[in-house]
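The structure appears right after this line, and notes come after that.
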Amino acid sequence: MLTFRRAISGAARHEPRRALLRALPTNKQITALLSARGRSRPLSPETALGTWAKFGERFDDISLAAALSCVARSAARSPDALRAGLAREPLRTECASLLARVAERLQHLQPRELVTVMHDASALPDESAHKLVRSAAALAREAAPRLTPQGMCLALRACAKLGIVDHALLDAISAEAFGRAGSPAAESAAADGPRAAGMLERFSPQDLSQLTWAYATLRRGDDALFARVAAVAPAKLAGDGASTQALANIAWAYARSGAAGVAGAAELLDEVSAHALRRVDEFKPFELAMILWALAKAQRPNVLLFQAAAHCLARDVARLPAQSLSNAAWAFAKVDVRAEPLFRAIAASAPARLDTFSAQALVNLAWAFCVASLLPAQLLRQLVSRIELVPVGPETPVAYWQQIQQLDNALRLDAPSLGIRLSPALVGACRVEICKQHGARKPSNLHRAVSDALRHLRVEHVDEFCVPELCYHVDIALPQHRLVIEVNGTMWHRHAADTDARGAPFGRHLMKYRHLRASGWRVLLVSSGEWAELGGCVHAQGRFLAEKIDAATARRSDALGRERRTPPIVWDEEGGKAAGADAAAARAGGAALQPIENRAPPGTVFATLRAESGQTLSVLGLATSVARRAPLSASASASAPSPA
């Protein structure tokens, strides 16, 4: 065996191999060499492919799978080096020959070897390897009843990595894993007695994480699957048995697939965040960024976890990949958790790596700094210059355009002295695309209830209004009085464990309110918790709104919502705060950085509203008589105009 191994190493270097003439290896020796574990130095792809080139006719199915695994492990260690190696001869020819032989033997492989081949082939940067995975996926459907949980996950992971959406395979694995009707697992469950989740009880935390990750990556919506996992996973996670990667994958899968609202998902995400908080120091930086993004996306933030993670990420920001860097900043901005040290570290680290950012990552990063009211001049200039070069078209998602518009508003209103602007062409295209979506907005039940109460007060208003100068959509507006009413349902509130029952708006809403006030609009917030406390009483609802409007127009801060009112912080090139004209305005009490309600009162026009009779009455006067008035028809509420 020692002579054979030395001879194979010589074969990779094309040296004389007299030892091979003395003793040809057996299948057992070949397999032992290719699949040996624990060696100090992994077997190189050159050695594995050289072995195949010399003794391919002696390879059995197990040897074929072992040779493919050797090459795949090399791809995991250094994908660029392997890609460069496979582009040259003789490795290219040897690899193509190996894949062709594996493809011929697919139908004869056992289920375990079949899914292993799928997993290994998906790691190779070769189109023929990807075709091999597609062929193997068709065979894996029939082998699904004989697959172990790990085998199911390997097959799904291979398809997910290559974006192969094989619905028949997904259905077969889902049926076996969850014991659905007609599957052998379901028949076995009926024979053995009821089981809560079929084979799911046999899945380890890592298996569950790979299963949900694959379904989310393939964007396969299966609420029943995610609900079953949510019912089983908490018990699997007990005792810190799950790896940090498994925790991050589970959270990411629920957020990415949109399954955060299925039964049990909220409790599972809370359990994942609790485990992550206890083990925050064990997470790799990219895993921590991944789980924070998922919790923010699913709107289940754990503020204590975010605060603890901010210190870890600020320390290890240089180790974060570009996508993770952008995701981390986006997560903190979305849930409005202050992390200035982290954002400063990102601002110092990101400029040298902007060439590695995707278009969406560039916009996310710029948007996050604006939402967090932290505006580093140098980084923003570089981000804007690159965003201008991003090609856009009909396929550009609406969310991208909305971020561009919010970025433009922040640059104009929060830091005008920096002189950083998006081009008029990009801003114009952005406004056009956003206006196209205006008619698709539908009011929520809570929104309609507040609108009905305003009609009872005979207050003229506009539902789903688009503020022309900002291109922001607001729930209800009184344009003649420049008053905005935002109706915040539970979807836009933080988790109840992190705030009181009324909740608080998320970061992008806070920036929206800040920009509205800076443009001369009054903002009044109505939360679902406050509205529920009125108990459906028309008189109480009218008085509540009247008092809110009176207080808002009189600049009483208790009616303007519970959000934090922190002026934006502008950083100069050296990282100092409040640079240029913005600093002078802040020191002088000027308007550049101050909330509008702290400026000189423009008059008392907002403190009154005109009734239909033409008399000028206080809003409270309208409220006290609301019970004696007949309600207006729904046509009294006008439709919102599109911005010019």
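How things are named: the first chain in the structure tokens is A, the next is B, and so on; residues count from 1 in each chain; ligands count from 1 in the order shown.
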Selection near range 252-266 of chain A, 7 Å with only C-alpha atoms, sequence-local residues under 3 positions removed, as a ChimeraX atom specification:
/A:212-213,216,219,221,223,226-227,230-231,248-249,269-270,290-291,294,297-298
Convert the current residue selection to file output with all heavy atoms, as a compact mmCIF listing (two decimals), in the first residue's frame.
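Produced file result_15.txt, reproduced below:
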# COMPACT_ATOMS: atom_id res chain seq x y z
N THR A 212 -34.58 23.34 5.68
CA THR A 212 -35.25 24.63 5.52
C THR A 212 -34.44 25.57 4.65
O THR A 212 -35.01 26.33 3.86
CB THR A 212 -35.49 25.27 6.90
OG1 THR A 212 -34.25 25.31 7.63
CG2 THR A 212 -36.50 24.46 7.70
N TRP A 213 -33.11 25.51 4.75
CA TRP A 213 -32.26 26.36 3.91
C TRP A 213 -32.48 26.05 2.44
O TRP A 213 -32.58 26.95 1.60
CB TRP A 213 -30.80 26.15 4.28
CG TRP A 213 -29.84 26.92 3.42
CD1 TRP A 213 -29.41 28.18 3.62
CD2 TRP A 213 -29.22 26.46 2.21
NE1 TRP A 213 -28.54 28.56 2.61
CE2 TRP A 213 -28.42 27.52 1.73
CE3 TRP A 213 -29.26 25.28 1.49
CZ2 TRP A 213 -27.66 27.42 0.56
CZ3 TRP A 213 -28.52 25.17 0.32
CH2 TRP A 213 -27.73 26.23 -0.12
N ALA A 216 -35.90 27.33 1.24
CA ALA A 216 -35.90 28.79 1.14
C ALA A 216 -35.05 29.27 -0.03
O ALA A 216 -35.42 30.22 -0.73
CB ALA A 216 -35.38 29.40 2.44
N ARG A 219 -36.81 29.00 -3.10
CA ARG A 219 -38.05 29.80 -3.05
C ARG A 219 -39.28 28.91 -3.25
O ARG A 219 -40.21 29.26 -3.98
CB ARG A 219 -38.01 30.93 -4.07
CG ARG A 219 -36.94 31.96 -3.78
CD ARG A 219 -37.04 33.15 -4.71
NE ARG A 219 -36.05 34.15 -4.39
CZ ARG A 219 -36.19 35.09 -3.47
NH1 ARG A 219 -37.31 35.15 -2.77
NH2 ARG A 219 -35.24 35.98 -3.24
N GLY A 221 -42.39 27.74 -1.72
CA GLY A 221 -43.30 28.05 -0.63
C GLY A 221 -44.02 26.80 -0.15
O GLY A 221 -44.76 26.19 -0.91
N ASP A 223 -45.84 26.23 3.38
CA ASP A 223 -46.15 26.65 4.75
C ASP A 223 -46.32 25.45 5.67
O ASP A 223 -45.95 25.51 6.86
CB ASP A 223 -47.43 27.49 4.76
CG ASP A 223 -47.21 28.87 4.15
OD1 ASP A 223 -46.04 29.24 3.94
OD2 ASP A 223 -48.21 29.56 3.87
N PHE A 226 -42.81 24.31 6.79
CA PHE A 226 -42.19 25.18 7.78
C PHE A 226 -42.94 25.16 9.11
O PHE A 226 -42.34 25.31 10.17
CB PHE A 226 -42.11 26.61 7.23
CG PHE A 226 -40.98 26.81 6.25
CD1 PHE A 226 -41.19 26.71 4.90
CD2 PHE A 226 -39.70 27.08 6.70
CE1 PHE A 226 -40.16 26.89 3.99
CE2 PHE A 226 -38.66 27.25 5.82
CZ PHE A 226 -38.89 27.15 4.46
N ALA A 227 -44.26 24.96 9.06
CA ALA A 227 -45.01 24.85 10.32
C ALA A 227 -44.64 23.57 11.06
O ALA A 227 -44.51 23.57 12.30
CB ALA A 227 -46.51 24.87 10.02
N ALA A 230 -41.28 24.10 12.61
CA ALA A 230 -41.39 24.99 13.77
C ALA A 230 -41.92 24.25 15.00
O ALA A 230 -41.59 24.60 16.13
CB ALA A 230 -42.31 26.16 13.43
N ALA A 231 -42.74 23.22 14.79
CA ALA A 231 -43.27 22.45 15.91
C ALA A 231 -42.22 21.53 16.52
O ALA A 231 -42.25 21.25 17.73
CB ALA A 231 -44.49 21.65 15.46
N ALA A 248 -28.20 29.97 12.46
CA ALA A 248 -28.27 31.04 11.46
C ALA A 248 -29.06 30.58 10.24
O ALA A 248 -29.86 31.35 9.69
CB ALA A 248 -26.86 31.47 11.08
N ASN A 249 -28.86 29.34 9.81
CA ASN A 249 -29.57 28.83 8.63
C ASN A 249 -31.07 28.77 8.87
O ASN A 249 -31.86 29.09 7.98
CB ASN A 249 -29.05 27.45 8.26
CG ASN A 249 -27.74 27.50 7.49
OD1 ASN A 249 -27.32 28.56 7.03
ND2 ASN A 249 -27.09 26.36 7.36
N LEU A 269 -38.35 31.47 16.11
CA LEU A 269 -37.38 32.55 15.93
C LEU A 269 -36.97 33.16 17.27
O LEU A 269 -35.80 33.52 17.46
CB LEU A 269 -37.97 33.62 15.02
CG LEU A 269 -38.13 33.21 13.54
CD1 LEU A 269 -38.85 34.29 12.76
CD2 LEU A 269 -36.78 32.91 12.92
N ASP A 270 -37.91 33.26 18.18
CA ASP A 270 -37.56 33.75 19.52
C ASP A 270 -36.61 32.78 20.23
O ASP A 270 -35.68 33.20 20.93
CB ASP A 270 -38.83 33.96 20.36
CG ASP A 270 -39.69 35.10 19.85
OD1 ASP A 270 -39.17 35.91 19.05
OD2 ASP A 270 -40.87 35.17 20.22
N MET A 290 -25.82 37.09 9.48
CA MET A 290 -26.90 36.33 8.84
C MET A 290 -28.12 36.23 9.75
O MET A 290 -29.27 36.45 9.32
CB MET A 290 -26.38 34.93 8.51
CG MET A 290 -27.30 34.04 7.72
SD MET A 290 -26.44 32.46 7.37
CE MET A 290 -27.71 31.59 6.46
N ILE A 291 -27.90 35.95 11.02
CA ILE A 291 -29.03 35.79 11.93
C ILE A 291 -29.66 37.14 12.27
O ILE A 291 -30.88 37.26 12.43
CB ILE A 291 -28.58 35.03 13.21
CG1 ILE A 291 -29.80 34.44 13.92
CG2 ILE A 291 -27.81 35.91 14.16
CD1 ILE A 291 -29.43 33.45 15.00
N ALA A 294 -31.87 38.02 9.36
CA ALA A 294 -33.09 37.22 9.36
C ALA A 294 -34.10 37.73 10.38
O ALA A 294 -35.29 37.85 10.08
CB ALA A 294 -32.74 35.76 9.65
N LYS A 297 -35.52 40.96 9.06
CA LYS A 297 -36.42 40.71 7.93
C LYS A 297 -37.74 40.14 8.40
O LYS A 297 -38.81 40.50 7.89
CB LYS A 297 -35.73 39.74 6.97
CG LYS A 297 -36.56 39.34 5.76
CD LYS A 297 -36.64 40.45 4.77
CE LYS A 297 -37.32 39.98 3.48
NZ LYS A 297 -37.48 41.09 2.50
N ALA A 298 -37.70 39.23 9.36
CA ALA A 298 -38.91 38.61 9.89
C ALA A 298 -39.62 39.49 10.91
O ALA A 298 -40.69 39.13 11.38
CB ALA A 298 -38.58 37.26 10.53
Residue list (alpha helix (DSSP H), DSSP) for range 54-125 of chain A, as a count of residues only:
53
State, in Å with one decimal place, the distance from CA of Val371 in chain A to CA of Ala425 in chain A.
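It comes out at 23.3 Å.
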Could you name the residues that touch Arg412 in chain A at 8 Å or less, counting only C-alpha atoms, but leaving out those on the same chain fewer than 4 positions away, as a list of chain:residue names?
A:Asp408, A:Pro416, A:Arg421
Write out as a PyMOL selection string the residues lying within 8 Å of Ala359 in chain A, counting only C-alpha atoms and excluding same-chain residues fewer than 3 positions away.
chain A and resi 362-363+387+390
Could you please take those selected residues and save N, CA and C atoms as a compact mmCIF listing (two decimals), in the first residue's frame?
# COMPACT_ATOMS: atom_id res chain seq x y z
N LEU A 362 -24.70 47.68 -2.38
CA LEU A 362 -24.33 49.10 -2.36
C LEU A 362 -25.50 49.95 -1.90
N VAL A 363 -26.68 49.70 -2.46
CA VAL A 363 -27.85 50.50 -2.09
C VAL A 363 -28.25 50.22 -0.64
N ILE A 387 -23.48 53.64 -7.34
CA ILE A 387 -24.91 53.41 -7.57
C ILE A 387 -25.34 54.02 -8.89
N VAL A 390 -25.04 51.58 -11.80
CA VAL A 390 -25.80 50.33 -11.80
C VAL A 390 -26.86 50.38 -12.90
Expected answer as a PyMOL selection string: strand (DSSP E) residues in range 388-493 of chain A
chain A and resi 462-467+472-478+483-488
For Cys153 in chain A, please output as a PyMOL selection string all residues within 12 Å (counting only C-alpha atoms; exclusion window: fewer than 5 positions along the same chain).
chain A and resi 112+115-116+118-119+140+144+147-148+158-161+169-170+173-174+177+200+203-215
Coordinates-based distance that separates CA of Ala410 in chain A from CA of Asp550 in chain A (Å, one decimal)
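We find that CA of Asp550 in chain A and CA of Ala410 in chain A lie 28.8 Å from each other.
Between CA of Leu277 in chain A and CA of Leu305 in chain A lies a distance of 5.1 Å.
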Using only C-alpha atoms, which residue out of A:His473, A:Arg58, A:His167, A:His539 lies closest to Thr31 in chain A?
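Of the candidates, the smallest distance to Thr31 in chain A is held by A:Arg58.
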Near Glu57 in chain A, within 12 Å and counting only C-alpha atoms, which residues show up once chain neighbours fewer than 2 positions away are dropped, as an mmCIF file with N, CA, C and O atoms, in the first residue's frame?
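Result saved to selection_0.cif:
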data_model
loop_
_atom_site.group_PDB
_atom_site.id
_atom_site.type_symbol
_atom_site.label_atom_id
_atom_site.label_comp_id
_atom_site.auth_asym_id
_atom_site.auth_seq_id
_atom_site.Cartn_x
_atom_site.Cartn_y
_atom_site.Cartn_z
ATOM 1 N N LEU A 24 -0.108 -3.845 -9.436
ATOM 2 C CA LEU A 24 -1.302 -3.069 -9.742
ATOM 3 C C LEU A 24 -2.199 -3.028 -8.506
ATOM 4 O O LEU A 24 -2.357 -4.045 -7.814
ATOM 5 N N PRO A 25 -2.810 -1.882 -8.224
ATOM 6 C CA PRO A 25 -3.642 -1.771 -7.018
ATOM 7 C C PRO A 25 -4.971 -2.492 -7.194
ATOM 8 O O PRO A 25 -5.498 -2.608 -8.300
ATOM 9 N N THR A 26 -5.521 -2.919 -6.109
ATOM 10 C CA THR A 26 -6.852 -3.512 -6.115
ATOM 11 C C THR A 26 -7.883 -2.411 -5.884
ATOM 12 O O THR A 26 -7.558 -1.281 -5.506
ATOM 13 N N ASN A 27 -9.166 -2.754 -6.120
ATOM 14 C CA ASN A 27 -10.247 -1.791 -5.871
ATOM 15 C C ASN A 27 -10.236 -1.324 -4.422
ATOM 16 O O ASN A 27 -10.478 -0.150 -4.126
ATOM 17 N N ILE A 30 -7.483 1.258 -3.952
ATOM 18 C CA ILE A 30 -7.839 2.540 -4.573
ATOM 19 C C ILE A 30 -8.830 3.301 -3.698
ATOM 20 O O ILE A 30 -8.669 4.487 -3.418
ATOM 21 N N THR A 51 -4.931 9.233 -10.455
ATOM 22 C CA THR A 51 -5.283 7.849 -10.143
ATOM 23 C C THR A 51 -6.364 7.341 -11.084
ATOM 24 O O THR A 51 -6.310 6.215 -11.586
ATOM 25 N N TRP A 52 -7.372 8.202 -11.322
ATOM 26 C CA TRP A 52 -8.445 7.818 -12.244
ATOM 27 C C TRP A 52 -7.900 7.603 -13.662
ATOM 28 O O TRP A 52 -8.270 6.647 -14.351
ATOM 29 N N ALA A 53 -6.989 8.492 -14.098
ATOM 30 C CA ALA A 53 -6.460 8.378 -15.456
ATOM 31 C C ALA A 53 -5.686 7.082 -15.644
ATOM 32 O O ALA A 53 -5.725 6.479 -16.726
ATOM 33 N N LYS A 54 -4.971 6.633 -14.609
ATOM 34 C CA LYS A 54 -4.150 5.438 -14.734
ATOM 35 C C LYS A 54 -4.921 4.138 -14.514
ATOM 36 O O LYS A 54 -4.681 3.131 -15.179
ATOM 37 N N PHE A 55 -5.834 4.159 -13.555
ATOM 38 C CA PHE A 55 -6.487 2.908 -13.153
ATOM 39 C C PHE A 55 -8.004 2.986 -13.243
ATOM 40 O O PHE A 55 -8.714 2.309 -12.510
ATOM 41 N N PHE A 59 -11.867 0.961 -11.369
ATOM 42 C CA PHE A 59 -12.721 1.661 -10.407
ATOM 43 C C PHE A 59 -14.092 1.001 -10.337
ATOM 44 O O PHE A 59 -14.711 0.728 -11.376
ATOM 45 N N ASP A 60 -14.561 0.761 -9.119
ATOM 46 C CA ASP A 60 -15.955 0.368 -8.942
ATOM 47 C C ASP A 60 -16.761 1.611 -8.557
ATOM 48 O O ASP A 60 -16.243 2.726 -8.534
ATOM 49 N N ASP A 61 -18.058 1.434 -8.238
ATOM 50 C CA ASP A 61 -18.923 2.581 -7.943
ATOM 51 C C ASP A 61 -18.432 3.360 -6.720
ATOM 52 O O ASP A 61 -18.489 4.594 -6.696
ATOM 53 N N SER A 63 -15.332 3.581 -5.622
ATOM 54 C CA SER A 63 -14.114 4.303 -5.980
ATOM 55 C C SER A 63 -14.438 5.553 -6.790
ATOM 56 O O SER A 63 -13.817 6.605 -6.613
ATOM 57 N N LEU A 64 -15.433 5.448 -7.676
ATOM 58 C CA LEU A 64 -15.846 6.617 -8.456
ATOM 59 C C LEU A 64 -16.339 7.735 -7.546
ATOM 60 O O LEU A 64 -15.963 8.902 -7.698
ATOM 61 N N SER A 97 -13.701 13.001 -18.148
ATOM 62 C CA SER A 97 -13.802 11.547 -18.264
ATOM 63 C C SER A 97 -14.402 10.932 -17.002
ATOM 64 O O SER A 97 -15.235 10.012 -17.073
ATOM 65 N N LEU A 98 -13.984 11.426 -15.837
ATOM 66 C CA LEU A 98 -14.526 10.913 -14.574
ATOM 67 C C LEU A 98 -16.025 11.184 -14.476
ATOM 68 O O LEU A 98 -16.809 10.300 -14.103
ATOM 69 N N ARG A 101 -18.043 8.889 -16.710
ATOM 70 C CA ARG A 101 -18.158 7.526 -16.170
ATOM 71 C C ARG A 101 -19.171 7.482 -15.019
ATOM 72 O O ARG A 101 -19.972 6.532 -14.915
#
Neighbouring residues of Leu82 in chain A were defined as those with any atom within 12 Å, considering only C-alpha atoms; residues of the same chain fewer than 6 positions away were excluded. Please report them as a PyMOL selection string.
chain A and resi 44-46+70-76+88+91-92+95+123-126
Write the residues you've just listed into a file as a PDB file, in the first residue's frame, and include C-alpha atoms for each of them.
ATOM      1  CA  SER A  44      -4.969  16.825  -4.041  1.00  0.00           C
ATOM      2  CA  PRO A  45      -7.309  16.801  -7.067  1.00  0.00           C
ATOM      3  CA  GLU A  46      -4.260  16.165  -9.262  1.00  0.00           C
ATOM      4  CA  CYS A  70     -11.610  14.308  -3.433  1.00  0.00           C
ATOM      5  CA  VAL A  71     -12.064  16.845  -6.212  1.00  0.00           C
ATOM      6  CA  ALA A  72     -15.137  18.355  -4.505  1.00  0.00           C
ATOM      7  CA  ARG A  73     -13.282  18.833  -1.206  1.00  0.00           C
ATOM      8  CA  SER A  74     -10.605  20.714  -3.101  1.00  0.00           C
ATOM      9  CA  ALA A  75     -13.319  22.966  -4.547  1.00  0.00           C
ATOM     10  CA  ALA A  76     -14.499  23.762  -1.042  1.00  0.00           C
ATOM     11  CA  ARG A  88      -5.830  23.305 -18.199  1.00  0.00           C
ATOM     12  CA  LEU A  91      -6.913  17.865 -15.585  1.00  0.00           C
ATOM     13  CA  ARG A  92      -9.760  19.105 -17.768  1.00  0.00           C
ATOM     14  CA  CYS A  95     -12.251  15.434 -14.902  1.00  0.00           C
ATOM     15  CA  ALA A 123     -19.346  21.833  -5.814  1.00  0.00           C
ATOM     16  CA  LEU A 124     -17.493  21.536  -9.121  1.00  0.00           C
ATOM     17  CA  PRO A 125     -17.248  24.572 -11.429  1.00  0.00           C
ATOM     18  CA  ASP A 126     -18.117  22.516 -14.473  1.00  0.00           C
TER      19      ASP A 126
END
